[in-house]
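Have a look at structure.csv; it's CSV, C-alpha atoms:
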```csv
chain,number,residue,atom,x,y,z
A,809,MET,CA,31.7,18.9,32.1
A,810,ILE,CA,35.0,20.4,30.9
A,811,TYR,CA,34.7,22.5,27.8
A,812,THR,CA,37.6,22.8,25.3
A,813,LEU,CA,38.1,25.2,22.5
A,814,SER,CA,36.8,22.7,20.0
A,815,HIS,CA,33.4,22.9,21.7
A,816,LYS,CA,33.2,26.7,21.5
A,817,GLY,CA,32.0,29.3,19.0
A,818,LYS,CA,33.8,32.6,18.5
A,819,PRO,CA,34.9,34.4,21.7
A,820,PHE,CA,34.4,38.0,22.6
A,821,ARG,CA,37.9,39.4,21.9
A,822,PHE,CA,39.5,42.0,24.0
A,823,LYS,CA,43.0,43.5,23.3
A,824,GLN,CA,44.8,41.1,25.6
A,825,PHE,CA,42.4,38.3,26.3
A,826,GLU,CA,39.3,36.4,25.0
A,827,ILE,CA,36.0,35.5,26.7
A,828,TYR,CA,34.2,32.4,25.6
A,829,GLN,CA,30.6,32.6,26.8
A,830,GLU,CA,28.3,30.2,25.0
A,831,GLN,CA,27.3,28.3,28.1
A,832,THR,CA,27.1,31.3,30.5
A,833,ALA,CA,23.8,33.0,31.1
A,834,MET,CA,25.1,36.5,31.4
A,835,LYS,CA,27.3,37.6,28.5
A,836,VAL,CA,29.9,40.3,28.3
A,837,GLY,CA,28.0,43.6,28.7
A,838,THR,CA,28.5,47.3,29.3
A,839,ASP,CA,28.1,47.0,33.1
A,840,GLY,CA,30.9,44.5,33.5
A,841,VAL,CA,33.4,46.2,31.2
A,842,LEU,CA,32.7,49.6,32.8
A,843,LEU,CA,33.2,48.2,36.3
A,844,GLY,CA,36.4,46.5,35.4
A,845,ALA,CA,37.8,49.5,33.6
A,846,TRP,CA,36.8,52.0,36.3
A,847,THR,CA,37.9,50.0,39.3
A,848,LYS,CA,41.2,51.3,40.8
A,849,VAL,CA,43.6,48.5,41.8
A,850,GLY,CA,46.2,50.8,43.4
A,851,SER,CA,48.6,48.8,45.6
A,852,ALA,CA,46.2,45.9,46.2
A,853,LYS,CA,48.0,42.6,46.6
A,854,THR,CA,44.9,40.5,47.1
A,855,ILE,CA,41.6,40.7,45.1
A,856,LEU,CA,38.3,38.9,45.4
A,857,ASP,CA,35.9,38.7,42.5
A,858,VAL,CA,32.5,37.7,43.8
A,859,GLY,CA,30.3,35.9,41.3
A,860,CYS,CA,32.9,36.0,38.6
A,861,GLY,CA,30.8,34.6,35.7
A,862,THR,CA,33.0,34.2,32.7
A,863,GLY,CA,36.0,35.6,34.5
A,864,LEU,CA,35.7,38.9,32.8
A,865,LEU,CA,36.4,41.1,35.8
A,866,SER,CA,39.3,38.9,37.1
A,867,LEU,CA,41.0,39.1,33.7
A,868,MET,CA,40.5,42.9,33.4
A,869,LEU,CA,42.0,43.4,36.9
A,870,ALA,CA,44.8,41.0,36.2
A,871,GLN,CA,45.7,43.0,33.0
A,872,LYS,CA,46.4,46.1,35.2
A,873,SER,CA,47.9,44.5,38.3
A,874,ASN,CA,50.2,41.9,39.8
A,875,ALA,CA,47.7,41.1,42.6
A,876,ARG,CA,46.7,37.6,43.5
A,877,ILE,CA,43.1,37.2,42.4
A,878,THR,CA,40.5,34.8,43.9
A,879,ALA,CA,37.4,34.4,41.8
A,880,VAL,CA,34.3,32.6,43.2
A,881,GLU,CA,31.3,31.4,41.1
A,882,ILE,CA,28.3,29.2,42.0
A,883,ASP,CA,27.0,28.4,38.5
A,884,GLN,CA,28.5,25.3,37.0
A,885,ASN,CA,28.4,26.5,33.4
A,886,ALA,CA,29.9,29.8,34.2
A,887,PHE,CA,32.5,28.2,36.4
A,888,GLU,CA,33.7,25.9,33.5
A,889,GLU,CA,33.8,28.8,31.0
A,890,ALA,CA,35.7,31.0,33.5
A,891,LYS,CA,38.2,28.1,33.9
A,892,LEU,CA,38.7,28.0,30.2
A,893,ASN,CA,39.0,31.8,29.8
A,894,ILE,CA,41.5,32.1,32.6
A,895,SER,CA,43.5,29.1,31.4
A,896,ILE,CA,44.1,30.6,27.9
A,897,SER,CA,44.9,34.1,29.3
A,898,PRO,CA,48.3,35.5,30.1
A,899,TRP,CA,47.4,35.4,33.8
A,900,SER,CA,46.4,31.8,34.5
A,901,ASN,CA,48.9,31.6,37.4
A,902,GLN,CA,47.6,34.8,38.9
A,903,ILE,CA,43.9,33.9,39.3
A,904,GLU,CA,42.5,31.1,41.6
A,905,LEU,CA,39.0,30.0,40.6
A,906,ILE,CA,36.7,28.5,43.2
A,907,TYR,CA,33.4,26.8,42.6
A,908,THR,CA,31.3,27.9,45.6
A,909,ASP,CA,28.4,30.0,46.9
A,910,PHE,CA,29.7,33.3,48.3
A,911,GLU,CA,27.7,32.6,51.5
A,912,GLN,CA,29.6,29.3,51.9
A,913,PHE,CA,32.9,30.7,50.8
A,914,ASP,CA,35.2,29.8,53.7
A,915,THR,CA,38.5,31.6,54.0
A,916,LYS,CA,40.8,33.1,56.6
A,917,SER,CA,42.2,35.5,54.0
A,918,LYS,CA,41.5,39.2,53.8
A,919,PHE,CA,41.3,41.1,50.6
A,920,ASP,CA,42.6,44.6,49.6
A,921,LEU,CA,39.9,44.8,46.9
A,922,ILE,CA,36.6,43.1,46.4
A,923,ILE,CA,34.8,43.6,43.1
A,924,CYS,CA,31.3,42.5,42.1
A,925,ASN,CA,28.7,43.1,39.4
A,926,PRO,CA,25.9,41.7,41.5
A,927,PRO,CA,22.6,40.2,40.3
A,928,PHE,CA,19.8,42.7,41.1
A,929,PHE,CA,16.4,41.5,39.8
A,930,LYS,CA,14.0,40.6,42.6
A,931,GLY,CA,11.5,37.8,42.2
A,932,LYS,CA,10.8,34.2,42.7
A,933,ALA,CA,14.0,32.1,42.8
A,934,GLU,CA,14.3,29.7,39.9
A,935,GLN,CA,17.0,27.0,39.5
A,936,SER,CA,18.5,28.1,36.2
A,937,SER,CA,21.8,29.7,35.2
A,938,ARG,CA,20.1,32.9,34.1
A,939,SER,CA,18.2,33.2,37.4
A,940,THR,CA,21.4,32.7,39.4
A,941,ALA,CA,23.1,35.4,37.3
A,942,ARG,CA,20.3,37.9,37.4
A,943,GLN,CA,18.2,37.4,40.6
A,944,ASN,CA,19.6,38.7,43.9
A,945,THR,CA,17.8,35.9,45.6
A,946,PHE,CA,21.1,34.0,45.1
A,947,LEU,CA,23.3,36.9,46.2
A,948,PRO,CA,21.2,39.4,48.1
A,949,PHE,CA,22.7,42.8,48.7
A,950,ASP,CA,22.8,42.4,52.5
A,951,LEU,CA,24.9,39.2,52.2
A,952,LEU,CA,27.2,40.8,49.7
A,953,ILE,CA,27.8,43.9,51.8
A,954,LEU,CA,28.0,42.1,55.2
A,955,LYS,CA,30.4,39.4,54.1
A,956,SER,CA,32.5,41.8,52.0
A,957,ALA,CA,32.9,44.1,55.1
A,958,GLU,CA,34.2,41.0,57.0
A,959,LEU,CA,36.7,40.0,54.3
A,960,LEU,CA,38.2,43.4,53.5
A,961,THR,CA,41.5,44.5,55.0
A,962,GLU,CA,41.5,47.6,57.1
A,963,ASN,CA,42.3,49.8,54.1
A,964,GLY,CA,40.4,47.6,51.6
A,965,VAL,CA,37.9,48.7,49.0
A,966,LEU,CA,34.6,47.2,47.7
A,967,SER,CA,33.9,48.1,44.1
A,968,LEU,CA,30.4,47.7,42.7
A,969,ILE,CA,28.1,48.6,39.9
A,970,VAL,CA,24.3,48.6,40.7
A,971,PRO,CA,21.1,50.0,39.3
A,972,PHE,CA,20.6,53.6,40.2
A,973,GLU,CA,17.3,52.8,41.9
A,974,HIS,CA,19.2,50.6,44.4
A,975,GLN,CA,21.9,53.2,45.2
A,976,SER,CA,20.3,54.4,48.5
A,977,GLU,CA,19.6,50.8,49.7
A,978,ILE,CA,23.2,49.8,49.1
A,979,LEU,CA,24.6,52.8,50.9
A,980,LYS,CA,22.4,52.2,53.9
A,981,LEU,CA,23.4,48.6,54.1
A,982,ALA,CA,27.0,49.6,53.7
A,983,GLU,CA,26.9,52.1,56.5
A,984,SER,CA,25.3,49.6,58.8
A,985,THR,CA,28.4,47.4,58.4
A,986,GLN,CA,30.7,50.5,58.8
A,987,LEU,CA,31.5,50.7,55.1
A,988,TYR,CA,31.3,54.2,53.7
A,989,VAL,CA,31.0,55.5,50.1
A,990,ASN,CA,34.3,57.0,48.9
A,991,GLU,CA,33.3,57.7,45.3
A,992,ILE,CA,30.1,57.7,43.3
A,993,VAL,CA,29.9,57.7,39.5
A,994,HIS,CA,26.5,57.8,37.7
A,995,VAL,CA,26.2,56.2,34.3
A,996,LYS,CA,24.0,57.5,31.5
A,997,GLY,CA,23.5,56.0,28.0
A,998,ASN,CA,23.4,59.4,26.4
A,999,LYS,CA,23.1,63.1,27.4
A,1000,GLY,CA,19.3,63.1,27.5
A,1001,ALA,CA,18.9,59.6,29.1
A,1002,PRO,CA,18.1,59.0,32.7
A,1003,ILE,CA,20.8,57.7,35.1
A,1004,LYS,CA,20.7,53.9,34.8
A,1005,ARG,CA,23.7,52.6,36.8
A,1006,THR,CA,25.8,53.7,39.8
A,1007,LEU,CA,29.5,52.8,40.2
A,1008,LEU,CA,30.4,52.7,43.9
A,1009,ARG,CA,33.7,52.6,45.7
A,1010,LEU,CA,33.2,51.7,49.4
A,1011,SER,CA,35.7,51.4,52.3
A,1012,LYS,CA,36.0,51.6,56.0
A,1013,GLU,CA,37.2,55.2,55.7
A,1014,LEU,CA,34.6,57.8,56.4
A,1015,LYS,CA,35.3,60.8,54.1
A,1016,GLU,CA,33.9,64.3,54.5
A,1017,LYS,CA,33.9,65.0,50.8
A,1018,ILE,CA,32.7,62.3,48.4
A,1019,PRO,CA,33.7,62.7,44.7
A,1020,GLN,CA,30.7,62.4,42.4
A,1021,LYS,CA,30.6,62.5,38.6
A,1022,THR,CA,28.6,61.2,35.7
A,1023,ILE,CA,29.8,59.1,32.8
A,1024,THR,CA,27.9,59.3,29.5
A,1025,ILE,CA,28.5,56.4,27.1
A,1026,GLU,CA,27.3,57.7,23.7
A,1027,VAL,CA,27.1,61.0,22.0
A,1028,GLU,CA,24.6,59.4,19.6
A,1029,ARG,CA,24.0,55.8,18.5
A,1030,ASN,CA,27.4,54.0,18.1
A,1031,GLN,CA,29.3,57.2,18.6
A,1032,PHE,CA,31.1,57.0,22.0
A,1033,THR,CA,32.0,59.9,24.2
A,1034,ASP,CA,35.7,60.8,24.8
A,1035,GLU,CA,35.4,59.8,28.5
A,1036,TYR,CA,34.0,56.3,27.6
A,1037,ILE,CA,36.7,55.8,25.0
A,1038,GLU,CA,39.5,56.9,27.4
A,1039,LEU,CA,38.2,54.5,30.1
A,1040,LEU,CA,37.7,51.5,27.9
A,1041,LYS,CA,40.5,51.8,25.3
A,1042,PRO,CA,43.0,49.6,27.2
A,1043,TYR,CA,40.5,46.7,26.7
A,1044,LEU,CA,38.1,47.0,23.8
A,1045,LEU,CA,39.4,46.2,20.3
A,1046,TYR,CA,37.2,48.8,18.5
A,1047,LEU,CA,38.4,51.8,20.6
```

Rewrite the structure of this file - the entire thing - as structure tokens.
Amino acid sequence: MIYTLSHKGKPFRFKQFEIYQEQTAMKVGTDGVLLGAWTKVGSAKTILDVGCGTGLLSLMLAQKSNARITAVEIDQNAFEEAKLNISISPWSNQIELIYTDFEQFDTKSKFDLIICNPPFFKGKAEQSSRSTARQNTFLPFDLLILKSAELLTENGVLSLIVPFEHQSEILKLAESTQLYVNEIVHVKGNKGAPIKRTLLRLSKELKEKIPQKTITIEVERNQFTDEYIELLKPYLLYL
């Protein structure tokens, strides 16, 4: 099924692009926009977006780079909406969208940057769009890390956001594939809240000193911190 604008409700509007997401299980959320804004593109010429969903991360990275972006998605509804969102963006010629399972993704290309907001709930696999988007049965951490390590260029970077409770698991898996953490950022909802998420920058370079910091999203309800505003203001309309 090919969706057109006439089939859609109102999109989530960013400063330079729009995201239609009616048919997609996982909507635009804080995890995705944080990862896209935080990820450093640097001199990357090739980028891979694993499990691209609506195309959010691909579009965020296209906004701040000239890299060729390959986006892969296994869910049909998400794929069709990503195709729409990319086609109406300023970067439709910069992003190649592929309908495939990451495990079956067959390429001889290597990537300077791989980005993923992976599913992380564990449980019984169910054949639904929401399960595919949320349960790591469909993209287990070991597959994500192992295949990413194979697809990265020598100086390539893997950029992830994961639940804080899975941080140690991810880092052990990464080290087993000779990927090493280069930067860690913990994410808290507010000053008194526990750490909920971890932003990770991984590469083949083993560093002695690993930068670590914490990002707090809100001072209080609907009042954002300066650091959150600084990070997200290139993208979000209300900042």

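The closest residue to A:Pro1002, picked from A:Leu952, A:Leu966, A:Leu869, A:Ile1023 and counting only C-alpha atoms, is A:Ile1023.
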
Report task. Place a sphere of radius 12 Å on (38.6, 55.5, 39.2) in the file coordinates and name every protein, DNA or RNA residue with an atom inside or on its surface, counting only C-alpha atoms; give the answer as a PyMOL selection string. Result -> chain A and resi 842-850+965+967-968+990-993+1007-1009+1019-1021+1023+1035+1038-1039

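Minimum distance to A:Asn963 across A:Ile1003, A:Ala890, A:Leu921, A:Ile903 (counting all atoms listed in the file) occurs at A:Leu921.
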
**Report entry** Interatomic distance (Å, one decimal) between atom CA of A:Gln831 and atom CA of A:Leu865
**Finding:** 17.5 Å

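Minimum atom-to-atom distances from A:Ala833, A:Gln871, A:Glu1016, A:Trp899 to A:Gln884 were compared using all atoms listed in the file, and the lowest value belongs to A:Ala833.
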
Query raised in the report: Nearest to A:Asp950: which of A:Ile1025, A:Val995, A:Leu987, A:Ala982 is it, counting only C-alpha atoms?
Result: A:Ala982

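Using only C-alpha atoms, the nearest neighbour of A:Phe910 within the list A:Gly964, A:Gly859, A:Gly1000, A:Pro898 is A:Gly859.
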
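When all atoms listed in the file are used to compute distances to A:Ile969, the closest of the residues A:Tyr1046, A:Arg1005, A:Asp857, A:Leu905 turns out to be A:Arg1005.
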
Query - Residues within 7 Å of A:Gly861, all atoms listed in the file, excluding chain neighbours under 6 positions, as a ChimeraX atom specification - result: /A:881,886-887,890

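One finds atom CA of A:Ala852 at 23.9 Å from atom CA of A:Ile896.
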
Query - Residue list as a ChimeraX atom specification for point (39.0, 33.7, 41.6), cut-off 8 Å, all atoms listed in the file - result: /A:856-858,860,863,866,877-880,903-906

Query raised in the report: If you measure from atom CA of A:Pro819 to atom CA of A:Asn885, what distance in Å do you get, rounded to one decimal?
Result: 15.5 Å

Query raised in the report: Within 10 Å of A:Leu1014, counting only C-alpha atoms, which residues qualify if same-chain residues fewer than 2 places away don't, as a PyMOL selection string?
Result: chain A and resi 983+986-990+1010-1012+1016-1018
